[in-house]
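File shown: model.cif. Contents: mmCIF, C-alpha atoms.
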data_start
#
loop_
_atom_site.group_PDB
_atom_site.id
_atom_site.type_symbol
_atom_site.label_atom_id
_atom_site.label_comp_id
_atom_site.auth_asym_id
_atom_site.auth_seq_id
_atom_site.Cartn_x
_atom_site.Cartn_y
_atom_site.Cartn_z
ATOM 1 C CA MET K 7 5.859 -16.840 -2.202
ATOM 2 C CA ILE K 8 8.757 -15.442 -0.238
ATOM 3 C CA SER K 9 9.215 -15.509 3.514
ATOM 4 C CA ARG K 10 8.800 -12.458 5.729
ATOM 5 C CA GLU K 11 12.572 -12.408 6.266
ATOM 6 C CA GLU K 12 13.263 -12.508 2.519
ATOM 7 C CA ALA K 13 10.700 -9.759 1.927
ATOM 8 C CA LEU K 14 12.206 -7.572 4.658
ATOM 9 C CA GLN K 15 15.675 -8.073 3.184
ATOM 10 C CA ALA K 16 14.356 -7.144 -0.283
ATOM 11 C CA PHE K 17 12.948 -3.885 1.108
ATOM 12 C CA ILE K 18 16.258 -3.123 2.841
ATOM 13 C CA ASP K 19 18.458 -4.089 -0.135
ATOM 14 C CA SER K 20 16.371 -2.051 -2.594
ATOM 15 C CA GLY K 21 16.531 1.042 -0.382
ATOM 16 C CA ALA K 22 12.786 1.004 0.259
ATOM 17 C CA LEU K 23 13.191 0.870 4.054
ATOM 18 C CA MET K 24 15.076 4.033 4.911
ATOM 19 C CA GLU K 25 16.644 5.189 8.187
ATOM 20 C CA GLY K 26 16.966 8.865 9.143
ATOM 21 C CA HIS K 27 14.699 11.719 10.262
ATOM 22 C CA PHE K 28 11.436 11.895 8.323
ATOM 23 C CA LYS K 29 8.260 13.943 8.261
ATOM 24 C CA LEU K 30 5.328 11.674 7.417
ATOM 25 C CA THR K 31 2.262 12.709 5.405
ATOM 26 C CA SER K 32 0.355 12.905 8.702
ATOM 27 C CA GLY K 33 2.834 15.529 9.947
ATOM 28 C CA ARG K 34 4.295 13.110 12.493
ATOM 29 C CA HIS K 35 8.048 12.426 12.598
ATOM 30 C CA SER K 36 9.786 9.043 12.413
ATOM 31 C CA ASN K 37 13.283 7.563 12.266
ATOM 32 C CA GLN K 38 12.210 5.114 9.533
ATOM 33 C CA TYR K 39 10.432 5.587 6.221
ATOM 34 C CA MET K 40 9.047 3.068 3.761
ATOM 35 C CA GLN K 41 9.373 4.166 0.114
ATOM 36 C CA CYS K 42 7.976 1.129 -1.725
ATOM 37 C CA ALA K 43 8.725 2.699 -5.113
ATOM 38 C CA GLN K 44 12.370 1.820 -4.531
ATOM 39 C CA LEU K 45 11.470 -1.886 -4.449
ATOM 40 C CA LEU K 46 8.800 -1.644 -7.163
ATOM 41 C CA LYS K 47 11.342 -0.371 -9.690
ATOM 42 C CA TYR K 48 12.751 -3.925 -9.791
ATOM 43 C CA PRO K 49 10.358 -6.200 -11.731
ATOM 44 C CA GLU K 50 11.778 -9.408 -10.246
ATOM 45 C CA LEU K 51 11.301 -8.159 -6.661
ATOM 46 C CA THR K 52 7.847 -6.802 -7.482
ATOM 47 C CA GLU K 53 6.864 -10.188 -8.893
ATOM 48 C CA LYS K 54 7.979 -11.919 -5.694
ATOM 49 C CA VAL K 55 6.264 -9.649 -3.174
ATOM 50 C CA ALA K 56 3.080 -9.362 -5.267
ATOM 51 C CA GLY K 57 3.127 -13.161 -5.459
ATOM 52 C CA ASN K 58 2.508 -13.285 -1.723
ATOM 53 C CA ILE K 59 -0.678 -11.251 -2.181
ATOM 54 C CA ALA K 60 -1.806 -13.250 -5.229
ATOM 55 C CA GLY K 61 -1.173 -16.459 -3.299
ATOM 56 C CA GLU K 62 -3.318 -15.267 -0.387
ATOM 57 C CA PHE K 63 -6.290 -14.557 -2.664
ATOM 58 C CA LYS K 64 -5.947 -17.199 -5.398
ATOM 59 C CA ASN K 65 -8.970 -19.143 -4.081
ATOM 60 C CA ASP K 66 -11.241 -16.126 -3.477
ATOM 61 C CA ASP K 67 -12.724 -15.863 -6.988
ATOM 62 C CA ILE K 68 -11.402 -12.355 -7.577
ATOM 63 C CA ASP K 69 -12.810 -10.677 -10.714
ATOM 64 C CA ILE K 70 -10.806 -7.448 -10.645
ATOM 65 C CA VAL K 71 -7.886 -5.912 -8.721
ATOM 66 C CA ILE K 72 -7.804 -2.197 -7.920
ATOM 67 C CA GLY K 73 -5.360 0.124 -6.196
ATOM 68 C CA PRO K 74 -5.045 3.854 -5.611
ATOM 69 C CA ALA K 75 -2.721 5.972 -7.728
ATOM 70 C CA VAL K 76 0.193 6.291 -7.428
ATOM 71 C CA GLY K 77 1.464 3.668 -4.990
ATOM 72 C CA GLY K 78 -1.121 1.024 -5.799
ATOM 73 C CA ILE K 79 -0.829 1.102 -9.599
ATOM 74 C CA ILE K 80 2.133 -1.253 -9.974
ATOM 75 C CA VAL K 81 0.919 -3.478 -7.135
ATOM 76 C CA ALA K 82 -2.556 -3.774 -8.699
ATOM 77 C CA TYR K 83 -1.068 -4.534 -12.111
ATOM 78 C CA GLU K 84 1.266 -7.265 -10.877
ATOM 79 C CA VAL K 85 -1.235 -8.934 -8.527
ATOM 80 C CA ALA K 86 -3.831 -8.864 -11.320
ATOM 81 C CA ARG K 87 -1.319 -10.341 -13.776
ATOM 82 C CA GLN K 88 -0.550 -13.189 -11.427
ATOM 83 C CA LEU K 89 -4.261 -13.849 -10.806
ATOM 84 C CA GLY K 90 -5.049 -13.603 -14.532
ATOM 85 C CA LYS K 91 -7.545 -10.776 -13.924
ATOM 86 C CA PRO K 92 -7.850 -7.116 -14.946
ATOM 87 C CA GLY K 93 -6.028 -4.540 -12.831
ATOM 88 C CA ILE K 94 -7.224 -0.943 -12.573
ATOM 89 C CA PHE K 95 -6.592 2.079 -10.368
ATOM 90 C CA THR K 96 -8.346 5.068 -8.863
ATOM 91 C CA GLU K 97 -7.127 8.658 -8.990
ATOM 92 C CA ARG K 98 -7.851 11.811 -7.038
ATOM 93 C CA ASP K 99 -10.091 14.394 -8.640
ATOM 94 C CA ASN K 100 -10.604 17.469 -6.452
ATOM 95 C CA ASP K 101 -9.422 15.484 -3.409
ATOM 96 C CA LYS K 102 -11.955 12.699 -4.100
ATOM 97 C CA MET K 103 -10.928 9.175 -5.160
ATOM 98 C CA VAL K 104 -12.604 8.265 -8.466
ATOM 99 C CA LEU K 105 -12.419 5.867 -11.393
ATOM 100 C CA ARG K 106 -11.265 7.516 -14.623
ATOM 101 C CA ARG K 107 -9.765 6.453 -17.975
ATOM 102 C CA GLY K 108 -12.812 4.329 -18.779
ATOM 103 C CA PHE K 109 -12.186 2.043 -15.790
ATOM 104 C CA LYS K 110 -15.282 0.609 -14.149
ATOM 105 C CA ILE K 111 -16.369 -2.050 -11.740
ATOM 106 C CA GLU K 112 -19.484 -3.931 -12.743
ATOM 107 C CA PRO K 113 -22.166 -4.629 -10.136
ATOM 108 C CA GLY K 114 -21.478 -7.962 -8.454
ATOM 109 C CA GLN K 115 -17.789 -8.131 -9.422
ATOM 110 C CA ARG K 116 -15.571 -9.519 -6.677
ATOM 111 C CA VAL K 117 -12.910 -6.916 -5.944
ATOM 112 C CA LEU K 118 -9.472 -7.126 -4.358
ATOM 113 C CA VAL K 119 -8.136 -3.745 -3.188
ATOM 114 C CA VAL K 120 -4.337 -3.450 -3.013
ATOM 115 C CA GLU K 121 -1.880 -0.757 -1.949
ATOM 116 C CA ASP K 122 1.872 -0.435 -1.504
ATOM 117 C CA VAL K 123 1.968 0.804 2.105
ATOM 118 C CA ILE K 124 -0.549 1.824 4.745
ATOM 119 C CA THR K 125 -0.221 3.794 7.942
ATOM 120 C CA THR K 126 -3.828 4.796 8.655
ATOM 121 C CA GLY K 127 -5.464 2.951 5.745
ATOM 122 C CA GLY K 128 -7.208 6.069 4.460
ATOM 123 C CA SER K 129 -6.536 5.523 0.746
ATOM 124 C CA VAL K 130 -7.565 1.862 0.937
ATOM 125 C CA ARG K 131 -10.842 2.871 2.635
ATOM 126 C CA GLU K 132 -11.479 5.384 -0.147
ATOM 127 C CA VAL K 133 -10.891 2.737 -2.835
ATOM 128 C CA ILE K 134 -13.181 0.300 -0.993
ATOM 129 C CA GLU K 135 -15.868 3.006 -1.021
ATOM 130 C CA VAL K 136 -15.399 3.580 -4.771
ATOM 131 C CA ALA K 137 -15.692 -0.165 -5.427
ATOM 132 C CA GLU K 138 -18.783 -0.563 -3.258
ATOM 133 C CA ASN K 139 -20.453 2.539 -4.726
ATOM 134 C CA SER K 140 -19.934 0.935 -8.156
ATOM 135 C CA GLY K 141 -21.736 -2.204 -6.994
ATOM 136 C CA GLY K 142 -18.584 -4.264 -6.494
ATOM 137 C CA ILE K 143 -18.209 -6.769 -3.680
ATOM 138 C CA VAL K 144 -14.933 -6.102 -1.884
ATOM 139 C CA VAL K 145 -13.633 -9.491 -0.759
ATOM 140 C CA GLY K 146 -10.171 -8.443 0.348
ATOM 141 C CA ALA K 147 -7.624 -5.734 1.001
ATOM 142 C CA ALA K 148 -3.894 -6.381 0.753
ATOM 143 C CA VAL K 149 -0.742 -4.314 1.098
ATOM 144 C CA LEU K 150 2.937 -4.807 0.624
ATOM 145 C CA VAL K 151 3.685 -3.065 3.937
ATOM 146 C CA ASP K 152 1.381 -2.409 6.876
ATOM 147 C CA ARG K 153 3.337 0.080 8.931
ATOM 148 C CA SER K 154 0.552 0.358 11.513
ATOM 149 C CA GLY K 155 1.753 -2.842 13.160
ATOM 150 C CA GLY K 156 -1.515 -4.589 12.232
ATOM 151 C CA LYS K 157 -3.750 -2.035 13.948
ATOM 152 C CA VAL K 158 -5.613 -0.974 10.776
ATOM 153 C CA THR K 159 -8.504 -3.199 9.697
ATOM 154 C CA PHE K 160 -10.949 -2.962 6.795
ATOM 155 C CA GLY K 161 -13.726 -5.424 7.663
ATOM 156 C CA VAL K 162 -12.755 -7.837 4.867
ATOM 157 C CA LYS K 163 -10.113 -10.527 4.432
ATOM 158 C CA GLN K 164 -6.788 -8.782 4.832
ATOM 159 C CA ALA K 165 -3.151 -9.562 4.025
ATOM 160 C CA ALA K 166 0.209 -7.815 4.253
ATOM 161 C CA VAL K 167 3.553 -9.006 2.933
ATOM 162 C CA LEU K 168 5.221 -7.176 5.840
ATOM 163 C CA THR K 169 3.717 -5.834 9.045
ATOM 164 C CA LEU K 170 5.959 -3.323 10.769
ATOM 165 C CA ASP K 171 5.342 -1.150 13.790
ATOM 166 C CA ILE K 172 7.246 1.931 12.703
ATOM 167 C CA THR K 173 7.515 4.390 15.569
ATOM 168 C CA SER K 174 6.400 7.946 14.990
ATOM 169 C CA TRP K 175 5.963 11.018 17.154
ATOM 170 C CA GLU K 176 4.036 14.270 17.043
ATOM 171 C CA ALA K 177 6.452 16.867 15.661
ATOM 172 C CA GLU K 178 6.653 18.718 18.987
ATOM 173 C CA ASP K 179 7.520 15.451 20.805
ATOM 174 C CA CYS K 180 10.100 14.189 18.288
ATOM 175 C CA PRO K 181 13.253 13.080 20.137
ATOM 176 C CA LEU K 182 15.305 13.528 16.952
ATOM 177 C CA CYS K 183 14.346 17.200 16.801
ATOM 178 C CA LYS K 184 15.029 17.623 20.516
ATOM 179 C CA GLU K 185 18.477 16.024 20.092
ATOM 180 C CA GLY K 186 19.303 18.512 17.327
ATOM 181 C CA HIS K 187 19.343 16.050 14.414
ATOM 182 C CA SER K 188 18.970 17.458 10.938
ATOM 183 C CA GLU K 189 15.582 18.761 9.863
ATOM 184 C CA ALA K 190 13.000 16.083 9.094
ATOM 185 C CA ILE K 191 12.713 15.359 5.362
ATOM 186 C CA LYS K 192 9.557 14.324 3.518
ATOM 187 C CA PRO K 193 10.470 11.786 0.811
ATOM 188 C CA GLY K 194 6.867 10.679 0.101
ATOM 189 C CA SER K 195 4.739 11.209 -2.968
ATOM 190 C CA ARG K 196 2.549 13.990 -1.517
ATOM 191 C CA ILE K 197 5.211 16.684 -1.318
#
Can you dump the structure from the file as structure tokens?
Amino acid sequence: MISREEALQAFIDSGALMEGHFKLTSGRHSNQYMQCAQLLKYPELTEKVAGNIAGEFKNDDIDIVIGPAVGGIIVAYEVARQLGKPGIFTERDNDKMVLRRGFKIEPGQRVLVVEDVITTGGSVREVIEVAENSGGIVVGAAVLVDRSGGKVTFGVKQAAVLTLDITSWEAEDCPLCKEGHSEAIKPGSRI
């Protein structure tokens, strides 16, 4: 496991924690953006940060690890690898999170839900619902980065490698816009 300081430095060094003027998926604006894919492209860094999650849940009798596509795929794979368990992912089909590709959760399986980054926790909640509707028992939810500052909860054991309180504003209240900074960019996956 790596320390919070080492993890933060890994996100900065890899270019995952970006500074600028950003439009978030919610429509809000921020001066920071977390693009975990920039860290996840480095296997050795991915192994380290996923190791923190695997370490948190190594004694919880996890049967299967699941994450939402796209951000949770690599995280689910690496956490599952370290726990010695299968790793699967959900996908959107007509705006609904579903299991595809022959993936399934058997009734009674103990499930760990993982994601790269959360702001509101919406995707994690959807994956929890998929797991529970399949008969799985969700025993935990873990993320690489909780950018809600720890405000989002899921009603199960929870872990985050990094918890950041990234400031954001409604677009009409954005001080960067008011100061005439460049137009907010949207570097996320839902462009």
- Message: Given the PyMOL selection byres ((chain K and resi 84) around 9) and the file above, list the residues it selects as number ranges by chain.
- Response: K: 52-53, 56-57, 60, 79-83, 85-89, 93
- Task: Take the PyMOL selection byres ((chain K and resi 135) around 12), apply it to the structure above, and return the hits as a PyMOL selection string.
- Result: chain K and resi 72+74+96+102-105+111+117+119+128-134+136-144+160
- Task: Please indicate the distance in Å from CA of Tyr48 (chain K) to CA of Arg153 (chain K), rounded to one decimal place.
- Result: 21.3 Å
Which centre and edge lengths in Å to one decimal define the box along x, y and z that fits every listed atom of region 52-58 of chain K plus 6 Å per side, as AutoDock Vina command-line options?
--center_x 5.2 --center_y -10.0 --center_z -5.3 --size_x 17.5 --size_y 18.5 --size_z 19.2
- Task: Determine, counting all atoms listed in the file, which protein, DNA and RNA residues have an atom within 12 Å of an atom of Lys192 (chain K); residues of the same chain fewer than 2 positions away are not included. Present the result as a PyMOL selection string.
- Result: chain K and resi 24+26-41+189-190+194-197
- Task: Evaluate the PyMOL selection byres ((chain K and resi 155) around 12) and record the selected residues as a PyMOL selection string, following the chain and residue labels used in the document.
- Result: chain K and resi 123-127+151-154+156-159+166+168-174
Selection from above, C-alpha atoms, as a tab-separated table (two decimals), in the frame of the given file, can you write it?
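After the write, selection04.tsv holds the following:
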chain	number	residue	atom	x	y	z
K	123	VAL	CA	1.97	0.80	2.10
K	124	ILE	CA	-0.55	1.82	4.74
K	125	THR	CA	-0.22	3.79	7.94
K	126	THR	CA	-3.83	4.80	8.65
K	127	GLY	CA	-5.46	2.95	5.74
K	151	VAL	CA	3.68	-3.06	3.94
K	152	ASP	CA	1.38	-2.41	6.88
K	153	ARG	CA	3.34	0.08	8.93
K	154	SER	CA	0.55	0.36	11.51
K	156	GLY	CA	-1.52	-4.59	12.23
K	157	LYS	CA	-3.75	-2.04	13.95
K	158	VAL	CA	-5.61	-0.97	10.78
K	159	THR	CA	-8.50	-3.20	9.70
K	166	ALA	CA	0.21	-7.82	4.25
K	168	LEU	CA	5.22	-7.18	5.84
K	169	THR	CA	3.72	-5.83	9.04
K	170	LEU	CA	5.96	-3.32	10.77
K	171	ASP	CA	5.34	-1.15	13.79
K	172	ILE	CA	7.25	1.93	12.70
K	173	THR	CA	7.52	4.39	15.57
K	174	SER	CA	6.40	7.95	14.99
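Note that the spacing between CA of Val145 (chain K) and CA of Phe109 (chain K) amounts to 19.0 Å.
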- Go ahead and compute the interatomic distance for CA of Leu182 (chain K) and CA of Phe17 (chain K), in Å to one decimal. 23.7 Å
Can you tell me, as a short mmCIF file (atom, residue, chain, number, x, y, z; two decimals) with C-alpha atoms, in the coordinates of the input, what residues are no more than 8 Å from Ile59 (chain K) when counting all atoms listed in the file, ignoring any on the same chain fewer than 3 positions away?
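Result went into result.cif, see below:
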data_model
loop_
_atom_site.label_atom_id
_atom_site.label_comp_id
_atom_site.auth_asym_id
_atom_site.auth_seq_id
_atom_site.Cartn_x
_atom_site.Cartn_y
_atom_site.Cartn_z
CA VAL K 55 6.26 -9.65 -3.17
CA ALA K 56 3.08 -9.36 -5.27
CA GLU K 62 -3.32 -15.27 -0.39
CA PHE K 63 -6.29 -14.56 -2.66
CA VAL K 85 -1.24 -8.93 -8.53
CA ALA K 148 -3.89 -6.38 0.75
CA VAL K 149 -0.74 -4.31 1.10
CA LEU K 150 2.94 -4.81 0.62
CA ALA K 165 -3.15 -9.56 4.03
CA ALA K 166 0.21 -7.82 4.25
CA VAL K 167 3.55 -9.01 2.93
#
- Please identify all polymer residues within 6 Å of Leu45 (chain K), counting only C-alpha atoms, omitting same-chain residues fewer than 3 positions from it, and present them as a list of chain:residue names. K:Ser20, K:Ala22, K:Cys42, K:Tyr48
- Item | Pick from K:Lys184, K:Lys163, K:Arg107, K:Arg98 nearest to Val120 (chain K), counting all atoms listed in the file |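 Ranked by minimum distance to Val120 (chain K), first place goes to K:Lys163.
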